[in-house]
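Q: Mind looking over this structure? Questions follow.
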Amino acid sequence: MSVTIVFHTSLDVKDLEPRLNEITTRHKELFKNAFSFSRARQSKVLDTEILKDEGVEFHSVSKFSITLLGYKSNCRTTDAVALLKKEFSDVKFIAMHQNETLM
């Protein structure tokens with residue numbers, strides 16, 4: 001079973017994609033072998049509705065996800081989430097396990 005974390009942001013996709021590239025390059029030792037990153041995508045109305053169902057008033061503009069490549073990695077998903085939250089601390093940013101549970 002794979003573990004996927006979906007991240008919702010207040011950034012436009014055109015602003016999110018270069019930041020993701022910069023972050024994965026800067027932290028390649030953490031992300032290269034442990035996680036697969038999706039491309040930045042525009043959020044849909046359903047994404048905002050999912051957040052609202054979790055009690056969060058947040059308009060998701062863009063999103064991306066990371067998937068743990070295997071349980072053999074020494075990297076923990078919570079470490080990756082903490083690092084990404086820090087990297088995106090200047091914008092609205094929400095992490096959800098399997099896009100169902102807030103982290």
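Ordering of the structure tokens sets the chain letters (A, B, ...), residue numbers begin anew at 1 in every chain, and ligands are numbered from 1 in the order given.
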May I have all residues of chain A that DSSP, computed from the backbone, assigns to alpha helix (DSSP H), given as a VMD selection string?
A: chain A and resid 13 to 26 28 to 31 45 to 53 77 to 87
Q: Write out as a ChimeraX atom specification the residues lying within 6 Å of stretch 59-62 of chain A, counting only C-alpha atoms and excluding same-chain residues fewer than 2 positions away.
A: /A:8-10,13,41-43,48
Q: Find the residues around A:Leu20 up to 12 Å (only C-alpha atoms counted), leave out those fewer than 3 positions away in its own chain, and share them as a VMD selection string.
A: chain A and resid 7 9 11 13 to 17 23 to 28 31 36 to 41 63 to 66 84 87 to 88
Q: Counting only C-alpha atoms, which residue out of A:Val45, A:Cys75, A:Leu51, A:Met96 sits closest to A:Val6?
A: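 Going through A:Val45, A:Cys75, A:Leu51, A:Met96 one by one, the smallest distance to A:Val6 is for A:Met96.
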Q: Measuring atom to atom with only C-alpha atoms, identify which of A:Leu69, A:Met103, A:Ile94, A:Ile50 is nearest to A:Ser2.
A: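 Closest to A:Ser2 of all the choices is A:Leu69.
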Q: Which neighbours of A:Arg76 fall inside 10 Å, counting only C-alpha atoms, when residues of the same chain fewer than 5 positions from it are skipped, and could you give them as a list in words?
A: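 Once the adjacent positions are removed, what remains is Leu30, Ala34, Phe35, Leu68, Tyr71 and Val81 of chain A.
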Q: One number please: atom CA of A:Gln98 to atom CA of A:Asn33, in Å, one decimal.
A: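 According to the coordinates, atom CA of A:Gln98 and atom CA of A:Asn33 are separated by 20.3 Å.
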Q: When you draw a straight line from atom CA of A:Asn99 to atom CA of A:Thr4, how long is it in Å?
A: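 Distance between the two atoms: 7.9 Å.
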Q: From chain A, collect each residue whose DSSP state is strand (DSSP E) and return the set as number ranges by chain.
A: A: 4-9, 35-37, 41-42, 62-68, 93-97, 101-102
Q: When you count only C-alpha atoms, which of these residues is closest to A:Phe58: A:Glu29, A:Thr77, A:Val91, A:Ile5?
A: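 Of the candidates, the smallest distance to A:Phe58 is held by A:Val91.
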Q: As an exercise, work out the distance from atom CA of A:Arg19 to atom CA of A:His97 in Å and give it to one decimal place.
A: 21.4 Å
